[in-house]
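J.: Here's a structure for you.
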Amino acid sequence: MIEFTSFRQHPDNFSVKHPEDVDMDMDMDEDEDEDFLQAGSSKITYPGEYLTSSQAFMRGHGTYVDNEDVIASVSGTVERVNKLVTVRAVRTRYNPEVGDLVVGRITEVQPRRWKVEANSRQDAVLMLSSVNLPGGVQRRKLESDELQMRTFFEEGDLLVAEVQAFFSDGTMSLHTRSLSYGKLRNGQLVAVPPILVRRLKSHFISLPCGVDLILGLNGYIWVSKHVKESDREGEEGFDAEAVYSNRNDDIDDSTRMAISRVTNLILVLASHSVPLTDAVLLDAYEWSIEQDAHIKDLLQDEIGEALVTSIISRG
Amino acid sequence: MSSRIEILNAGGYRSDGRRQYELRTISIDLSPRGSGADGSATLSHGLTQVSVCVFGPREAKMRSQTFHDRANINVEIGIAAFSSSERRKRGRGDKRVLELSHTLKATFEPVIQTSLYPRSQIDIYIQVLQQDGGLLQACVNATTLALINAGIPLYDFVCAVTGGVHSTSPLLDLTLLEENDLPNVTVAVMPRTGKVALVTMETRLHVDRFEEIFRLAGEAGKVIHGEMKRAVKERTQDLVNAMQSVGKAAGTEVVDEY
């Protein structure tokens, strides 16, 4: 919160007679030298800020060129790779890249494709040809498959998928052709700013408290009951009943509590802009058990701040 | 002037104790609103307060409203019944509200880099909480901040100020009382280039006075830009610091190649 009392103290500071006063103030902080061009420093930008000359550098994302000047168009940090200057926005929607793991929700069933909401600038597309069909073996999709698309995914279903490719207009195409991808059940969804989910070795995390996590790079996180490796894998055991089922397994009370606890911890960490990794989440869970904090109390400000302070000190 | 309260007294003070060119207190709050908006801002100029939430760029709700080469901008304004001294409900179909939202849309369309988001939609929802003159100016400034907060690429800030004239003396940042009595003009500038994004006038203003007020409002816009810039930088710095505080420890395990 910024409070600004404009010219209470110096009522005559702003007058038509001395418009230069104002201009000088403005120029002072714009004349910063180009420190950001050295590696390792992070410079904060705002839209319309002059970065560098376009003759020496190339403009990347988050910048534009006007009269041979490279100018920032978002507020964030400047990054430079050789001659390429980019600005990474500090908050933005998800920018997909091929190979990213995302969690999404079906919004529409269309001929031979589903539309998936994945926190991106447009809905993603999941083609019927990019999902695993019952029967296990790879085969051509038949007309009968097309007619029963809603038995696989319906509007409102959640799924985990990988970004496969982009269409010419920038829409992303997803695929679920792996046994670890597919419909989600036995848990709950948490949405956080996408920038908080970093690329990890694995985005499927099992916490020792009997909770599985799927950290979607689009900021959607699926918190669910732990499923044993043996139940999940095995080409032989692939049956449509289990993979496309809409029914939750039995979840006992302690697992439900653990899921809620992890969900609240993620919400607290995200509200303090703490990047989420398996180590951080594990620390947070241990802390909340140590402190014997009740699940719903985790969302209180004081407890949240204590948690974040302890996480930072551990890190 | 007909009002019994003096607009500008002999000592050169206005009805609320300000000098001619003095602006009202600005307060800016860029913390998230909890509604899941991509960006939000609450801004007040004195007693005028507006809150803006920005959603998007996201999939357009109506396919008929999409453009194949750029994003569609949708502005909706709600004016709280309790916002003015006289309780009055304005529906969404109200002509004045529609005009205001159209003005804002026209102001921001050339400033937002819409061509980066073909077939998408950017929704701007404005809630007017208190009105004491300078409503358009507050809406423009708050929308700029909310868009920046949402990480939507802009060519520049848009900073608006209302200017008026009392007999021959120009005034800046008018209150409702002054706005009702004086000829006034709202000017929005883009401070980097000094380009003007919006000029509107609902009253008659003498052509000889116009230029002076126009220039003055342009200069005042740059002052407001300084405040908005400071708020944006502070918020961005806070977020970056928070990310880096834990990022260093956990970052050892971060692998850039997937």
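Residue numbering restarts at 1 in every chain; chains get A, B, ... in the order shown in the structure tokens, and ligands count up from 1 in that same order.
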List the neighbours of Asn74 (chain B) out to 7 Å using only C-alpha atoms; skip same-chain residues closer than 3 positions along the sequence, and give me the result as a list in words.
T.: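 Near neighbours after the sequence-gap exclusion: Ile122, Asp123 and Ile124 of chain B.
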J.: Where in region 11-251 of chain B does DSSP assign helix (DSSP H, G or I), given as JSON, numbers by chain?
T.: {"B": [63, 64, 65, 95, 96, 97, 98, 99, 100, 101, 102, 103, 104, 105, 106, 107, 108, 114, 115, 116, 135, 136, 137, 138, 139, 140, 141, 142, 143, 144, 145, 146, 147, 148, 149, 176, 177, 178, 179, 180, 181, 207, 208, 209, 210, 211, 212, 213, 214, 215, 216, 217, 218, 219, 220, 221, 222, 223, 224, 225, 226, 227, 228, 229, 230, 231, 232, 233, 234, 235, 236, 237, 238, 239, 240, 241, 242, 243, 244, 245, 246, 247, 248, 249, 250, 251]}
J.: Given a cut-off of 6 Å, which residues of chain B touch chain A, counting only C-alpha atoms, written out as a PyMOL selection string?
T.: chain B and resi 22+25-29+57-59+150-151+153-156+242-243+246+249+254-255
J.: According to DSSP computed on the backbone, where in region 66-137 of chain A is there strand (DSSP E or B)? Give the residues as a PyMOL selection string.
T.: chain A and resi 66+69-72+76-81+84-89+101-110+113-117+124-127
J.: Would you mind exporting N, CA and C atoms of the selected residues as an mmCIF file, in the first residue's frame?
T.:
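again.cif written:
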data_model
loop_
_atom_site.group_PDB
_atom_site.id
_atom_site.type_symbol
_atom_site.label_atom_id
_atom_site.label_comp_id
_atom_site.auth_asym_id
_atom_site.auth_seq_id
_atom_site.Cartn_x
_atom_site.Cartn_y
_atom_site.Cartn_z
ATOM 1 N N ASP A 66 11.040 0.822 -30.492
ATOM 2 C CA ASP A 66 10.474 2.062 -30.976
ATOM 3 C C ASP A 66 11.641 3.003 -31.261
ATOM 4 N N ASP A 69 15.063 2.059 -30.086
ATOM 5 C CA ASP A 69 15.233 1.803 -28.661
ATOM 6 C C ASP A 69 14.516 0.507 -28.317
ATOM 7 N N VAL A 70 15.138 -0.314 -27.478
ATOM 8 C CA VAL A 70 14.444 -1.487 -26.949
ATOM 9 C C VAL A 70 13.772 -1.066 -25.651
ATOM 10 N N ILE A 71 12.460 -1.288 -25.575
ATOM 11 C CA ILE A 71 11.681 -0.792 -24.448
ATOM 12 C C ILE A 71 10.916 -1.950 -23.823
ATOM 13 N N ALA A 72 10.862 -1.968 -22.497
ATOM 14 C CA ALA A 72 10.147 -3.036 -21.797
ATOM 15 C C ALA A 72 8.643 -2.836 -21.965
ATOM 16 N N GLY A 76 8.875 -6.712 -14.673
ATOM 17 C CA GLY A 76 9.490 -7.974 -14.291
ATOM 18 C C GLY A 76 10.988 -7.818 -14.240
ATOM 19 N N THR A 77 11.718 -8.910 -14.500
ATOM 20 C CA THR A 77 13.179 -8.837 -14.442
ATOM 21 C C THR A 77 13.764 -8.984 -15.837
ATOM 22 N N VAL A 78 14.851 -8.255 -16.071
ATOM 23 C CA VAL A 78 15.517 -8.305 -17.374
ATOM 24 C C VAL A 78 16.441 -9.510 -17.407
ATOM 25 N N GLU A 79 16.408 -10.229 -18.507
ATOM 26 C CA GLU A 79 17.338 -11.339 -18.696
ATOM 27 C C GLU A 79 18.037 -11.146 -20.025
ATOM 28 N N ARG A 80 19.300 -11.537 -20.071
ATOM 29 C CA ARG A 80 20.037 -11.338 -21.300
ATOM 30 C C ARG A 80 20.777 -12.621 -21.654
ATOM 31 N N VAL A 81 20.615 -13.053 -22.886
ATOM 32 C CA VAL A 81 21.392 -14.177 -23.389
ATOM 33 C C VAL A 81 22.131 -13.661 -24.619
ATOM 34 N N LEU A 84 20.444 -11.167 -26.957
ATOM 35 C CA LEU A 84 18.980 -11.175 -26.832
ATOM 36 C C LEU A 84 18.572 -10.643 -25.457
ATOM 37 N N VAL A 85 17.775 -9.599 -25.464
ATOM 38 C CA VAL A 85 17.309 -9.020 -24.202
ATOM 39 C C VAL A 85 15.829 -9.348 -24.041
ATOM 40 N N THR A 86 15.471 -10.013 -22.940
ATOM 41 C CA THR A 86 14.066 -10.322 -22.688
ATOM 42 C C THR A 86 13.690 -9.815 -21.303
ATOM 43 N N VAL A 87 12.388 -9.612 -21.107
ATOM 44 C CA VAL A 87 11.886 -9.277 -19.777
ATOM 45 C C VAL A 87 10.907 -10.374 -19.381
ATOM 46 N N ARG A 88 11.184 -11.004 -18.246
ATOM 47 C CA ARG A 88 10.275 -12.042 -17.749
ATOM 48 C C ARG A 88 9.307 -11.386 -16.779
ATOM 49 N N ALA A 89 8.027 -11.427 -17.110
ATOM 50 C CA ALA A 89 7.012 -10.796 -16.264
ATOM 51 C C ALA A 89 6.937 -11.531 -14.931
ATOM 52 N N LEU A 101 4.516 -30.458 -18.558
ATOM 53 C CA LEU A 101 3.430 -31.225 -17.964
ATOM 54 C C LEU A 101 2.371 -30.255 -17.460
ATOM 55 N N VAL A 102 1.132 -30.433 -17.877
ATOM 56 C CA VAL A 102 0.082 -29.524 -17.438
ATOM 57 C C VAL A 102 -1.106 -30.292 -16.875
ATOM 58 N N VAL A 103 -1.823 -29.630 -15.981
ATOM 59 C CA VAL A 103 -3.085 -30.157 -15.470
ATOM 60 C C VAL A 103 -4.166 -29.250 -16.032
ATOM 61 N N GLY A 104 -5.241 -29.825 -16.561
ATOM 62 C CA GLY A 104 -6.270 -28.996 -17.177
ATOM 63 C C GLY A 104 -7.654 -29.551 -16.956
ATOM 64 N N ARG A 105 -8.622 -28.779 -17.385
ATOM 65 C CA ARG A 105 -10.020 -29.182 -17.224
ATOM 66 C C ARG A 105 -10.718 -29.125 -18.576
ATOM 67 N N ILE A 106 -11.474 -30.168 -18.884
ATOM 68 C CA ILE A 106 -12.195 -30.210 -20.156
ATOM 69 C C ILE A 106 -13.306 -29.163 -20.131
ATOM 70 N N THR A 107 -13.376 -28.323 -21.168
ATOM 71 C CA THR A 107 -14.453 -27.342 -21.233
ATOM 72 C C THR A 107 -15.462 -27.672 -22.320
ATOM 73 N N GLU A 108 -15.030 -28.434 -23.319
ATOM 74 C CA GLU A 108 -15.900 -28.645 -24.462
ATOM 75 C C GLU A 108 -15.535 -29.960 -25.149
ATOM 76 N N VAL A 109 -16.551 -30.657 -25.645
ATOM 77 C CA VAL A 109 -16.292 -31.839 -26.456
ATOM 78 C C VAL A 109 -16.668 -31.493 -27.887
ATOM 79 N N GLN A 110 -15.705 -31.590 -28.790
ATOM 80 C CA GLN A 110 -15.927 -31.234 -30.191
ATOM 81 C C GLN A 110 -15.647 -32.457 -31.052
ATOM 82 N N ARG A 113 -12.076 -34.019 -30.943
ATOM 83 C CA ARG A 113 -11.143 -33.307 -30.051
ATOM 84 C C ARG A 113 -11.868 -32.793 -28.815
ATOM 85 N N TRP A 114 -11.088 -32.584 -27.778
ATOM 86 C CA TRP A 114 -11.613 -31.926 -26.586
ATOM 87 C C TRP A 114 -10.916 -30.574 -26.457
ATOM 88 N N LYS A 115 -11.625 -29.631 -25.853
ATOM 89 C CA LYS A 115 -11.008 -28.357 -25.504
ATOM 90 C C LYS A 115 -10.661 -28.414 -24.021
ATOM 91 N N VAL A 116 -9.468 -27.990 -23.671
ATOM 92 C CA VAL A 116 -9.002 -28.102 -22.296
ATOM 93 C C VAL A 116 -8.570 -26.727 -21.779
ATOM 94 N N GLU A 117 -9.124 -26.350 -20.661
ATOM 95 C CA GLU A 117 -8.729 -25.075 -20.038
ATOM 96 C C GLU A 117 -7.468 -25.344 -19.216
ATOM 97 N N ALA A 124 -6.493 -25.241 -24.620
ATOM 98 C CA ALA A 124 -5.669 -26.222 -25.323
ATOM 99 C C ALA A 124 -6.567 -27.220 -26.037
ATOM 100 N N VAL A 125 -5.990 -27.973 -26.957
ATOM 101 C CA VAL A 125 -6.733 -28.967 -27.701
ATOM 102 C C VAL A 125 -6.173 -30.343 -27.384
ATOM 103 N N LEU A 126 -7.060 -31.282 -27.096
ATOM 104 C CA LEU A 126 -6.646 -32.672 -26.903
ATOM 105 C C LEU A 126 -7.322 -33.475 -27.996
ATOM 106 N N MET A 127 -6.534 -33.972 -28.950
ATOM 107 C CA MET A 127 -7.121 -34.706 -30.070
ATOM 108 C C MET A 127 -7.477 -36.121 -29.617
#
J.: Pick out the residues sitting within 6 Å of Ser101 (chain B), and hand them over as a ChimeraX atom specification; count only C-alpha atoms, and ignore anything fewer than 3 positions along from it in its own chain.
T.: /B:75,98,104
J.: Counting only C-alpha atoms, figure out which residue out of B:Leu182, B:Ile5, B:Val199, B:Ile77 gets nearest to Leu129 (chain B).
T.: B:Ile77
J.: Work out how far CA of Ala197 (chain B) is from CA of Arg70 (chain B), in Å to one decimal.
T.: 19.6 Å
J.: Have a look at CA of Ser35 (chain B) and CA of Gly56 (chain B) and let me know their distance in Å, one decimal.
T.: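 A separation of 13.2 Å between them.
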J.: For Leu216 (chain B), find every residue with an atom within 9 Å (counting only C-alpha atoms), except residues of its own chain fewer than 2 positions away, and show them as a ChimeraX atom specification.
T.: /A:15-16 /B:21,163,170-172,211-214,218-221
J.: Please compute the CA of Glu305 (chain A)-CA of Val268 (chain A) distance, one decimal, in Å.
T.: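 CA of Val268 (chain A) lies at a distance of 8.5 Å from CA of Glu305 (chain A).
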